[in-house]
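my_file29.cif follows; it contains mmCIF, C-alpha atoms.
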data_my_file
loop_
_atom_site.label_atom_id
_atom_site.label_comp_id
_atom_site.auth_asym_id
_atom_site.auth_seq_id
_atom_site.Cartn_x
_atom_site.Cartn_y
_atom_site.Cartn_z
CA MET A 1 -38.44 -0.68 -30.56
CA ALA A 2 -39.56 -1.74 -27.08
CA GLY A 3 -36.91 -4.44 -27.10
CA LEU A 4 -34.25 -1.91 -28.01
CA TRP A 5 -35.46 0.39 -25.19
CA ASN A 6 -35.36 -2.45 -22.66
CA HIS A 7 -31.87 -3.43 -23.79
CA SER A 8 -30.69 0.19 -23.49
CA LEU A 9 -32.26 0.53 -20.05
CA GLN A 10 -30.54 -2.64 -18.87
CA TRP A 11 -27.21 -1.32 -20.18
CA VAL A 12 -27.67 2.01 -18.35
CA LEU A 13 -28.61 0.22 -15.12
CA ALA A 14 -25.61 -2.06 -15.46
CA CYS A 15 -23.33 0.93 -15.97
CA PHE A 16 -24.93 2.72 -13.02
CA SER A 17 -24.42 -0.33 -10.81
CA PHE A 18 -20.78 -0.52 -11.90
CA CYS A 19 -20.27 3.17 -11.07
CA ILE A 20 -21.78 2.72 -7.61
CA ILE A 21 -19.47 -0.24 -6.95
CA SER A 22 -16.47 1.76 -8.18
CA ILE A 23 -17.33 4.82 -6.10
CA SER A 24 -17.89 2.79 -2.93
CA ALA A 25 -14.76 0.67 -3.33
CA GLU A 26 -12.21 0.95 -0.53
CA LEU A 27 -8.46 1.37 -0.92
CA GLN A 28 -6.84 -1.72 -2.38
CA ARG A 29 -4.97 -3.71 0.21
CA PHE A 30 -1.81 -5.74 -0.31
CA GLU A 31 0.26 -7.84 2.06
CA HIS A 32 4.02 -8.15 2.43
CA PRO A 33 5.50 -10.73 4.81
CA ILE A 34 7.76 -9.85 7.71
CA LYS A 35 10.91 -11.77 8.62
CA ALA A 36 10.77 -14.98 10.66
CA ASN A 37 11.93 -13.00 13.70
CA GLY A 38 8.94 -10.65 13.40
CA SER A 39 10.85 -7.62 12.07
CA LEU A 40 10.65 -5.61 8.85
CA SER A 41 13.30 -3.45 7.21
CA LEU A 42 13.06 -1.18 4.20
CA LEU A 43 14.66 1.66 2.29
CA VAL A 44 12.89 4.86 1.25
CA ILE A 45 13.90 6.87 -1.81
CA GLY A 46 12.23 9.76 -3.59
CA ASP A 47 12.66 12.13 -6.54
CA TRP A 48 15.07 9.87 -8.34
CA GLY A 49 14.35 9.03 -12.01
CA ARG A 50 17.05 10.83 -14.01
CA ARG A 51 18.69 8.01 -16.02
CA GLY A 52 21.53 7.83 -13.52
CA HIS A 53 22.41 11.53 -13.63
CA TYR A 54 22.70 13.98 -10.70
CA ASN A 55 24.30 11.23 -8.56
CA GLN A 56 21.30 8.93 -8.94
CA SER A 57 23.67 6.03 -9.68
CA LEU A 58 25.81 6.82 -6.63
CA VAL A 59 22.74 6.87 -4.39
CA ALA A 60 21.64 3.56 -5.93
CA ASP A 61 25.03 1.98 -5.21
CA GLN A 62 24.85 2.92 -1.54
CA MET A 63 21.26 1.76 -1.32
CA GLY A 64 22.46 -1.63 -2.51
CA ARG A 65 25.18 -1.73 0.14
CA ILE A 66 22.91 -0.66 3.00
CA GLY A 67 20.12 -2.86 1.68
CA GLU A 68 22.39 -5.89 1.96
CA LYS A 69 23.57 -4.92 5.44
CA LEU A 70 20.00 -4.56 6.70
CA ASN A 71 18.65 -7.49 4.70
CA ILE A 72 15.78 -5.29 3.55
CA ASP A 73 12.34 -6.67 2.75
CA LEU A 74 11.09 -3.92 0.45
CA VAL A 75 11.71 -0.45 -1.00
CA VAL A 76 9.34 2.52 -0.82
CA SER A 77 9.38 5.28 -3.43
CA THR A 78 7.87 8.63 -2.43
CA GLY A 79 7.24 9.68 -6.04
CA ASP A 80 8.64 11.77 -8.87
CA ASN A 81 9.78 8.46 -10.25
CA PHE A 82 10.56 9.70 -13.78
CA TYR A 83 11.81 13.17 -14.71
CA GLU A 84 11.04 15.60 -16.09
CA ASN A 85 7.61 14.62 -17.32
CA GLY A 86 6.81 11.10 -16.19
CA LEU A 87 6.54 8.30 -18.74
CA THR A 88 5.28 8.91 -22.27
CA SER A 89 3.92 5.37 -22.64
CA LYS A 90 4.19 1.90 -21.15
CA HIS A 91 7.06 1.31 -23.58
CA ASP A 92 9.00 4.46 -22.61
CA PRO A 93 12.72 3.52 -22.38
CA SER A 94 13.00 5.75 -19.30
CA PHE A 95 11.49 2.94 -17.24
CA LYS A 96 14.54 0.80 -17.85
CA LYS A 97 17.09 3.61 -18.02
CA SER A 98 15.95 5.31 -14.80
CA PHE A 99 14.84 2.27 -12.81
CA ALA A 100 15.56 -1.27 -13.98
CA LYS A 101 19.15 -0.60 -15.08
CA ILE A 102 20.00 1.69 -12.14
CA TYR A 103 18.89 -0.23 -9.05
CA THR A 104 20.67 -3.45 -9.98
CA ALA A 105 22.14 -4.54 -6.62
CA LYS A 106 21.02 -7.94 -5.43
CA SER A 107 19.63 -6.49 -2.21
CA LEU A 108 17.35 -4.15 -4.20
CA GLN A 109 15.65 -6.97 -6.10
CA LYS A 110 12.74 -6.73 -3.71
CA GLN A 111 9.26 -5.33 -4.24
CA TRP A 112 9.19 -1.55 -4.81
CA TYR A 113 6.01 0.17 -3.62
CA SER A 114 5.53 3.59 -5.23
CA VAL A 115 3.24 6.60 -5.26
CA LEU A 116 3.01 9.21 -8.00
CA GLY A 117 4.62 12.64 -7.76
CA ASN A 118 3.73 15.86 -9.56
CA HIS A 119 6.35 15.19 -12.26
CA ASP A 120 4.78 11.78 -12.86
CA TYR A 121 1.44 13.50 -13.44
CA ARG A 122 3.04 15.54 -16.22
CA GLY A 123 3.38 12.37 -18.26
CA ASN A 124 1.11 9.49 -19.12
CA VAL A 125 -0.11 8.43 -15.68
CA GLU A 126 -1.95 5.40 -16.99
CA ALA A 127 1.34 4.11 -18.44
CA GLN A 128 3.09 4.28 -15.07
CA LEU A 129 0.18 2.48 -13.43
CA ASN A 130 -0.06 -0.16 -16.17
CA PRO A 131 0.50 -3.77 -14.97
CA ILE A 132 2.60 -4.43 -18.07
CA LEU A 133 5.50 -2.67 -16.34
CA LYS A 134 5.61 -5.58 -13.89
CA LYS A 135 6.37 -7.83 -16.86
CA ILE A 136 9.33 -5.61 -17.69
CA ASP A 137 10.49 -5.51 -14.06
CA ARG A 138 8.63 -7.62 -11.52
CA ARG A 139 9.62 -5.30 -8.65
CA TRP A 140 7.40 -2.44 -9.83
CA HIS A 141 4.19 -1.79 -7.87
CA CYS A 142 2.68 1.65 -8.38
CA LEU A 143 -0.88 2.77 -7.65
CA ARG A 144 -2.47 6.11 -6.85
CA SER A 145 -3.42 5.13 -3.30
CA PHE A 146 -3.37 1.79 -1.48
CA VAL A 147 -2.68 0.00 1.80
CA LEU A 148 0.26 -2.31 2.42
CA SER A 149 -0.03 -4.57 5.47
CA SER A 150 2.89 -6.35 7.07
CA GLY A 151 1.42 -7.49 10.36
CA ILE A 152 3.34 -5.21 12.69
CA VAL A 153 2.89 -2.17 10.42
CA ASP A 154 0.34 -0.81 7.98
CA PHE A 155 1.54 1.57 5.26
CA PHE A 156 -1.04 3.91 3.76
CA PHE A 157 0.05 5.25 0.37
CA VAL A 158 -1.78 8.48 -0.52
CA ASP A 159 -2.00 10.28 -3.86
CA THR A 160 -1.16 13.84 -2.79
CA THR A 161 -0.67 15.65 -6.11
CA PRO A 162 -4.42 16.22 -6.75
CA PHE A 163 -4.67 18.08 -3.41
CA VAL A 164 -2.40 20.91 -4.59
CA ASP A 165 -4.35 23.82 -6.05
CA LYS A 166 -1.61 25.36 -8.19
CA TYR A 167 -1.40 22.34 -10.48
CA PHE A 168 -5.01 23.05 -11.49
CA LEU A 169 -5.23 26.83 -11.19
CA SER A 170 -1.83 27.95 -12.50
CA PRO A 171 -0.02 25.03 -14.18
CA GLY A 172 2.11 27.36 -16.29
CA HIS A 173 3.53 25.61 -19.34
CA HIS A 174 3.03 22.17 -17.78
CA THR A 175 0.30 19.75 -18.81
CA TYR A 176 -1.05 17.31 -16.23
CA ASP A 177 -2.77 14.01 -16.88
CA TRP A 178 -5.87 14.19 -14.69
CA ARG A 179 -7.57 11.09 -16.07
CA GLY A 180 -9.07 9.20 -13.16
CA VAL A 181 -8.93 12.29 -10.92
CA LEU A 182 -11.71 14.48 -12.29
CA PRO A 183 -14.08 15.62 -10.93
CA ARG A 184 -11.41 16.62 -8.45
CA ASN A 185 -13.56 17.36 -5.41
CA GLU A 186 -15.29 13.99 -5.62
CA TYR A 187 -11.95 12.22 -6.05
CA LEU A 188 -10.41 13.88 -2.98
CA ALA A 189 -13.51 13.42 -0.84
CA LYS A 190 -13.57 9.70 -1.64
CA LEU A 191 -9.84 9.33 -1.04
CA LEU A 192 -10.05 11.00 2.37
CA LYS A 193 -13.07 8.91 3.33
CA ASP A 194 -11.36 5.69 2.25
CA LEU A 195 -8.18 6.62 4.10
CA ASP A 196 -10.17 7.39 7.25
CA LEU A 197 -11.92 4.01 7.02
CA ALA A 198 -8.64 2.17 6.41
CA LEU A 199 -6.95 3.84 9.39
CA THR A 200 -9.96 3.07 11.57
CA ALA A 201 -9.83 -0.60 10.57
CA SER A 202 -6.08 -0.95 11.10
CA THR A 203 -4.93 -3.00 14.09
CA ALA A 204 -1.22 -2.79 13.24
CA ASN A 205 0.99 -1.43 15.99
CA TRP A 206 2.67 1.02 13.60
CA LYS A 207 0.74 3.22 11.20
CA ILE A 208 2.80 4.96 8.54
CA VAL A 209 1.37 7.21 5.83
CA ILE A 210 3.32 7.82 2.63
CA GLY A 211 2.73 10.60 0.11
CA HIS A 212 4.77 12.62 -2.34
CA HIS A 213 4.22 16.10 -0.93
CA PRO A 214 5.38 17.11 2.55
CA ILE A 215 3.00 18.18 5.25
CA ARG A 216 5.85 19.83 7.17
CA SER A 217 9.14 20.86 5.57
CA ILE A 218 11.70 23.65 5.74
CA GLY A 219 12.95 22.82 2.24
CA HIS A 220 12.33 24.51 -1.11
CA HIS A 221 8.58 23.84 -1.26
CA GLY A 222 7.92 24.09 2.46
CA ASP A 223 4.69 23.04 4.13
CA THR A 224 1.88 21.96 1.81
CA ALA A 225 -1.04 24.10 2.93
CA GLU A 226 -3.71 21.90 1.33
CA LEU A 227 -2.43 18.84 3.19
CA MET A 228 -2.22 20.76 6.45
CA VAL A 229 -5.92 21.57 6.11
CA ARG A 230 -7.38 18.39 4.62
CA LEU A 231 -5.05 15.45 5.36
CA LEU A 232 -3.29 16.26 8.63
CA PRO A 233 -6.47 16.34 10.80
CA ILE A 234 -7.25 12.76 9.77
CA LEU A 235 -3.70 11.61 10.53
CA GLU A 236 -3.77 13.32 13.92
CA ALA A 237 -7.18 11.87 14.74
CA HIS A 238 -5.80 8.37 14.16
CA ASP A 239 -2.56 9.10 16.02
CA ILE A 240 -0.34 7.81 13.20
CA ASP A 241 3.35 7.34 13.86
CA MET A 242 5.05 8.66 10.72
CA TYR A 243 4.32 10.61 7.58
CA ILE A 244 6.97 9.97 4.91
CA ASN A 245 7.30 12.07 1.74
CA GLY A 246 9.54 13.34 -1.01
CA HIS A 247 9.05 16.44 -3.23
CA ASP A 248 11.62 18.56 -1.40
CA HIS A 249 14.96 17.30 -2.70
CA CYS A 250 16.51 16.81 0.70
CA LEU A 251 16.59 14.58 3.77
CA GLU A 252 14.68 15.82 6.78
CA HIS A 253 13.15 14.91 10.14
CA ILE A 254 10.59 17.11 11.90
CA SER A 255 8.66 16.04 15.00
CA SER A 256 5.11 17.29 15.41
CA THR A 257 4.78 19.77 18.25
CA ARG A 258 1.15 18.71 18.79
CA ARG A 259 1.14 14.91 18.31
CA LYS A 260 3.60 12.04 18.13
CA ILE A 261 3.81 12.18 14.31
CA GLN A 262 7.30 12.13 12.84
CA PHE A 263 7.51 13.98 9.50
CA LEU A 264 10.24 12.34 7.42
CA THR A 265 11.39 13.59 4.01
CA SER A 266 13.36 11.30 1.71
CA GLY A 267 13.57 13.20 -1.56
CA GLY A 268 17.32 13.04 -2.23
CA GLY A 269 17.34 10.33 -4.89
CA SER A 270 19.11 12.47 -7.49
CA LYS A 271 19.12 16.25 -8.04
CA ALA A 272 19.27 18.27 -4.79
CA TRP A 273 18.91 21.96 -3.95
CA ASN A 274 21.88 23.10 -1.90
CA GLY A 275 21.23 25.89 0.59
CA ASP A 276 17.49 26.19 -0.09
CA ILE A 277 16.23 26.29 3.50
CA ASP A 278 13.47 28.12 5.34
CA GLN A 279 15.19 29.65 8.36
CA LEU A 280 11.94 30.84 9.99
CA ASN A 281 9.75 27.73 10.08
CA GLN A 282 11.84 25.30 12.11
CA ASP A 283 9.50 24.23 14.93
CA GLY A 284 10.15 20.58 15.76
CA LEU A 285 13.14 20.31 13.42
CA LYS A 286 15.45 17.40 14.31
CA PHE A 287 17.54 17.12 11.15
CA TYR A 288 17.94 18.66 7.69
CA TYR A 289 20.38 17.83 4.90
CA ASP A 290 20.29 19.65 1.57
CA GLY A 291 22.00 16.92 -0.45
CA GLN A 292 21.41 13.54 -2.02
CA GLY A 293 20.76 10.37 -0.07
CA PHE A 294 18.08 8.04 1.22
CA MET A 295 16.47 6.65 4.36
CA SER A 296 16.11 3.27 6.04
CA ALA A 297 13.57 2.02 8.56
CA GLU A 298 13.80 -1.06 10.77
CA LEU A 299 10.70 -2.07 12.71
CA THR A 300 9.71 -4.62 15.32
CA GLN A 301 6.43 -4.78 17.21
CA THR A 302 7.51 -2.07 19.64
CA GLU A 303 10.71 -0.50 18.28
CA ALA A 304 11.57 1.53 15.17
CA ARG A 305 14.90 2.88 13.99
CA ILE A 306 15.10 5.56 11.29
CA VAL A 307 18.44 6.33 9.61
CA PHE A 308 19.38 8.85 6.89
CA TYR A 309 22.44 8.29 4.64
CA ASP A 310 24.33 10.41 2.12
CA ILE A 311 25.70 9.29 -1.28
CA PHE A 312 28.76 7.77 0.42
CA GLY A 313 26.67 5.68 2.80
CA LYS A 314 27.62 7.87 5.75
CA VAL A 315 25.02 8.00 8.52
CA LEU A 316 23.78 11.58 8.80
CA HIS A 317 21.02 11.18 11.37
CA ASN A 318 19.20 8.42 13.22
CA SER A 319 16.17 8.30 15.46
CA ASP A 320 14.90 5.51 17.70
CA LEU A 321 11.19 5.27 18.44
CA SER A 322 9.29 2.96 20.75
CA LYS A 323 5.68 2.31 21.66
CA GLU A 324 3.49 -0.11 23.54
CA LEU A 325 1.66 -2.92 21.80
CA TYR A 326 -1.58 -1.88 20.13
CA SER A 327 -4.69 -3.00 21.94
CA THR A 328 -8.24 -3.19 20.57
CA MET A 329 -9.68 -3.15 24.13
#
Is it possible to express this structure as structure tokens?
Amino acid sequence: MAGLWNHSLQWVLACFSFCIISISAELQRFEHPIKANGSLSLLVIGDWGRRGHYNQSLVADQMGRIGEKLNIDLVVSTGDNFYENGLTSKHDPSFKKSFAKIYTAKSLQKQWYSVLGNHDYRGNVEAQLNPILKKIDRRWHCLRSFVLSSGIVDFFFVDTTPFVDKYFLSPGHHTYDWRGVLPRNEYLAKLLKDLDLALTASTANWKIVIGHHPIRSIGHHGDTAELMVRLLPILEAHDIDMYINGHDHCLEHISSTRRKIQFLTSGGGSKAWNGDIDQLNQDGLKFYYDGQGFMSAELTQTEARIVFYDIFGKVLHNSDLSKELYSTM
């Protein structure tokens, strides 16, 4: 009996130690190389996975053309990767029909770095995060939150869906997969702490945060109040350069009126909401387009160029940014 008790105690202690390690773990970090000339170029697409419908295929075609022109290094997805309700399993045919068989251009055969959107949380989240999807299509890289380092720039991917109260308090007829998120308050507190630590440790000249939900937007969903309160103060404290999101099915550029942060929405990967605009909340607005399209970013150590395109590849808006080299002194 004593032996059984000792064995049980050892098992509990081992589990406790594992939990402590898991809780204290920092955001996973990955690296992506820059070009030989020290630059990095990428495309950003959001709210896209509709099996080619709602002009998804047309957007994909133009992404391939622009991707070749810019010789892109990677693609960023701002979430809502599979409509309407995420993936049902790791063998869901939607993965191929909405991703692998849509983005077929040679220039798009680069690594795709993705966050989850609220529609992804309506499905089997663990399936979308499962490494087996990389065996189906090697480009796929999707985690809840992580850091991607490319020397001149650090990208901080943030899981924003669990911040939004209504998904928990009034989900309506929707069911959300909160495995790995509950208890919610502990999950969010740890995420914010880990993000703060990662931003503090970053020595990259450019700091770009990516999430699904907007902080600032004049589109259908508008500003996300929970992110304004909990996430934005951390981003402002670290003087980040850009916050890139989807969720609103539009293309958009808003400049912070308080800091240097550029709020960039790329959520036009398929279905868009024509004419759904907030006419009263336009402080800092530089550009808004209520149609389908995508965004590109080209970065060097001190220069960045942001461009938005429609489904015909027409340039709708561009913005050039510059900054001095980061110093640790």
Check what the PyMOL selection byres ((chain A and resi 49-55) around 8) selects in the file above and give those residues as a count of residues only. 21
Tell me which of A:His253, A:Lys190, A:His91, A:His32 sits closest to Asp73 (chain A), counting all atoms listed in the file.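 Distance minimum relative to Asp73 (chain A) lands on A:His32.
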Please, what distance in Å, to one decimal, runs between CA of Thr224 (chain A) and CA of Thr203 (chain A)?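 Interatomic distance, CA of Thr224 (chain A) to CA of Thr203 (chain A): 28.6 Å.
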Using all atoms listed in the file, can you tell me which of A:Glu126, A:Asn71, A:Thr302, A:Gln62 comes closest to Leu87 (chain A)?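 Among the listed residues, A:Glu126 lies closest to Leu87 (chain A).
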For Ile132 (chain A), the nearest of the candidates A:Ala60, A:Lys90, A:Asn118, A:Glu303, counting all atoms listed in the file: A:Lys90
All residues 9 Å or closer to Phe294 (chain A), all atoms listed in the file, same chain fewer than 3 positions away omitted, as a PyMOL selection string: chain A and resi 43-46+59+62-63+250-251+266-269+307-311
I need the residue set behind the PyMOL selection byres ((chain A and resi 128) around 9) for this file; please write it as a list in words. Gly86, Leu87, Thr88, Ser89, Lys90, Phe95, Leu116, Asp120, Gly123, Asn124, Val125, Glu126, Ala127, Leu129, Asn130, Pro131, Leu133, Cys142 and Leu143 of chain A
File of the preceding selection, C-alpha atoms, as a compact mmCIF listing (two decimals), keeping the file's coordinate frame:
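Final output, saved to selection.txt:
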# COMPACT_ATOMS: atom_id res chain seq x y z
CA GLY A 86 6.81 11.10 -16.19
CA LEU A 87 6.54 8.30 -18.74
CA THR A 88 5.28 8.91 -22.27
CA SER A 89 3.92 5.37 -22.64
CA LYS A 90 4.19 1.90 -21.15
CA PHE A 95 11.49 2.94 -17.24
CA LEU A 116 3.01 9.21 -8.00
CA ASP A 120 4.78 11.78 -12.86
CA GLY A 123 3.38 12.37 -18.26
CA ASN A 124 1.11 9.49 -19.12
CA VAL A 125 -0.11 8.43 -15.68
CA GLU A 126 -1.95 5.40 -16.99
CA ALA A 127 1.34 4.11 -18.44
CA LEU A 129 0.18 2.48 -13.43
CA ASN A 130 -0.06 -0.16 -16.17
CA PRO A 131 0.50 -3.77 -14.97
CA LEU A 133 5.50 -2.67 -16.34
CA CYS A 142 2.68 1.65 -8.38
CA LEU A 143 -0.88 2.77 -7.65
CA of Leu169 (chain A) to CA of Asp196 (chain A), distance in Å rounded to a single decimal: 27.2 Å
Which one of A:Glu31, A:Glu298, A:Glu26, A:Asp320 sits closest to Ser150 (chain A) if you count only C-alpha atoms? A:Glu31
Which polymer residues have any atom within 12 Å of an atom of Leu182 (chain A), counting only C-alpha atoms, with same-chain residues fewer than 5 positions away left out, as a ChimeraX atom specification? /A:162-163,168,176-177,187-190
Output C-alpha atoms of each residue in that selection to a file, as a compact mmCIF listing (two decimals), in the frame of the given file.
# COMPACT_ATOMS: atom_id res chain seq x y z
CA PRO A 162 -4.42 16.22 -6.75
CA PHE A 163 -4.67 18.08 -3.41
CA PHE A 168 -5.01 23.05 -11.49
CA TYR A 176 -1.05 17.31 -16.23
CA ASP A 177 -2.77 14.01 -16.88
CA TYR A 187 -11.95 12.22 -6.05
CA LEU A 188 -10.41 13.88 -2.98
CA ALA A 189 -13.51 13.42 -0.84
CA LYS A 190 -13.57 9.70 -1.64
Tell me which residues the PyMOL selection byres ((chain A and resi 260-262) around 8) grabs here, as a list in words.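 Those residues are Glu236, Asp239, Ile240, Asp241, Met242, Tyr243, His253, Ile254, Ser255, Ser256, Thr257, Arg258, Arg259, Phe263 and Leu264 of chain A.
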For Gln111 (chain A), which residue out of A:Ala237, A:Ile136, A:Ala198, A:Leu74 is the nearest one, using all atoms listed in the file?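 Once distances to Gln111 (chain A) are computed over all atoms listed in the file, the minimum belongs to A:Leu74.
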Residues of region 65-99 of chain A that approach region 157-160 of chain A to 10 Å or less, counting all atoms listed in the file: could you list each one with the shortest pair of atoms and its distance in Å to one decimal, rows by chain and increasing residue number, as a Markdown table?
| residue | atom | partner | partner_atom | distance |
| --- | --- | --- | --- | --- |
| A:Val76 | CA | A:Phe157 | CA | 9.8 |
| A:Thr78 | CA | A:Phe157 | CA | 9.0 |
| A:Gly79 | CA | A:Asp159 | CA | 9.5 |
Selected residue of minimal separation from Leu195 (chain A) among A:Ile244, A:Leu108, A:Ile218, A:Leu231, counting all atoms listed in the file: A:Leu231
One-decimal distance in Å that lies between CA of Lys101 (chain A) and CA of Lys134 (chain A): 14.5 Å
Residue neighbourhood Thr175 (chain A), 9 Å, only C-alpha atoms, exclusion window fewer than 3 positions, as a list in words: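 Within the cut-off, the hits are Tyr121, Arg122, Gly123, Tyr167, Pro171 and Gly172 of chain A.
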For a cut-off of 7 Å around (5.1, 0.2, -8.8), file coordinates, pick out all residues using only C-alpha atoms and list them as an MDAnalysis selection string. chainID A and resid 112:114 140:143
Save the residues we just selected, C-alpha atoms, as a PDB file, in the frame of the given file?
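The resulting again.pdb:
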ATOM      1  CA  TRP A 112       9.190  -1.550  -4.810  1.00  0.00           C
ATOM      2  CA  TYR A 113       6.010   0.170  -3.620  1.00  0.00           C
ATOM      3  CA  SER A 114       5.530   3.590  -5.230  1.00  0.00           C
ATOM      4  CA  TRP A 140       7.400  -2.440  -9.830  1.00  0.00           C
ATOM      5  CA  HIS A 141       4.190  -1.790  -7.870  1.00  0.00           C
ATOM      6  CA  CYS A 142       2.680   1.650  -8.380  1.00  0.00           C
ATOM      7  CA  LEU A 143      -0.880   2.770  -7.650  1.00  0.00           C
TER       8      LEU A 143
END
As AutoDock Vina command-line options: centre and edge lengths in Å, one decimal, of the axis-aligned box holding region 153-169 of chain A with 5 Å per side:
--center_x -1.2 --center_y 12.3 --center_z -0.5 --size_x 18.1 --size_y 39.0 --size_z 31.9
Met228 (chain A) surroundings by all atoms listed in the file, 12 Å radius, close-in-sequence under 3 positions cut, as a PyMOL selection string: chain A and resi 160+163-164+213-217+222-225+231-236
Contacts of Ser41 (chain A) within 9 Å, all atoms listed in the file, excl. fewer than 5 positions in-chain, as a list in words: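 The residues that qualify are Ile34, Lys35, Gly67, Leu70, Asn71, Ile72, Asp73, Leu74, Val75, Ser296, Ala297, Glu298, Leu299 and Thr300 of chain A.
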Can I get C-alpha atoms for region 140-190 of chain A, as a compact mmCIF listing (two decimals), in the first residue's frame?
# COMPACT_ATOMS: atom_id res chain seq x y z
CA TRP A 140 0.95 25.22 -43.56
CA HIS A 141 2.12 26.66 -40.23
CA CYS A 142 -0.66 27.54 -37.80
CA LEU A 143 -0.41 28.06 -34.05
CA ARG A 144 -2.46 30.03 -31.53
CA SER A 145 0.34 32.50 -30.77
CA PHE A 146 4.03 32.55 -31.71
CA VAL A 147 6.97 34.70 -32.77
CA LEU A 148 8.53 34.69 -36.22
CA SER A 149 11.99 36.25 -36.48
CA SER A 150 13.59 37.32 -39.73
CA GLY A 151 16.51 39.41 -38.53
CA ILE A 152 15.29 42.82 -39.61
CA VAL A 153 11.73 42.16 -38.39
CA ASP A 154 9.99 40.23 -35.65
CA PHE A 155 6.37 39.17 -36.22
CA PHE A 156 4.27 38.49 -33.12
CA PHE A 157 1.23 36.35 -33.91
CA VAL A 158 -1.49 36.75 -31.27
CA ASP A 159 -4.59 34.63 -30.66
CA THR A 160 -7.25 37.36 -30.39
CA THR A 161 -10.51 35.38 -30.47
CA PRO A 162 -10.43 34.43 -26.74
CA PHE A 163 -10.29 38.15 -25.83
CA VAL A 164 -13.77 38.83 -27.24
CA ASP A 165 -16.48 38.56 -24.58
CA LYS A 166 -19.46 37.89 -26.84
CA TYR A 167 -18.11 34.54 -28.01
CA PHE A 168 -18.35 33.36 -24.39
CA LEU A 169 -21.32 35.33 -23.07
CA SER A 170 -23.70 35.29 -26.05
CA PRO A 171 -22.50 32.80 -28.68
CA GLY A 172 -25.99 32.41 -30.13
CA HIS A 173 -26.35 29.20 -32.12
CA HIS A 174 -22.59 28.88 -32.57
CA THR A 175 -20.42 26.39 -30.70
CA TYR A 176 -16.79 27.27 -30.02
CA ASP A 177 -13.93 24.89 -29.35
CA TRP A 178 -12.29 26.34 -26.25
CA ARG A 179 -9.97 23.41 -25.57
CA GLY A 180 -6.60 24.81 -24.57
CA VAL A 181 -8.13 28.21 -23.73
CA LEU A 182 -9.98 27.54 -20.49
CA PRO A 183 -9.72 28.83 -17.84
CA ARG A 184 -9.97 31.92 -20.01
CA ASN A 185 -8.59 34.53 -17.62
CA GLU A 186 -5.46 32.49 -16.95
CA TYR A 187 -4.97 31.89 -20.67
CA LEU A 188 -5.22 35.59 -21.54
CA ALA A 189 -3.04 36.70 -18.63
CA LYS A 190 -0.31 34.28 -19.67
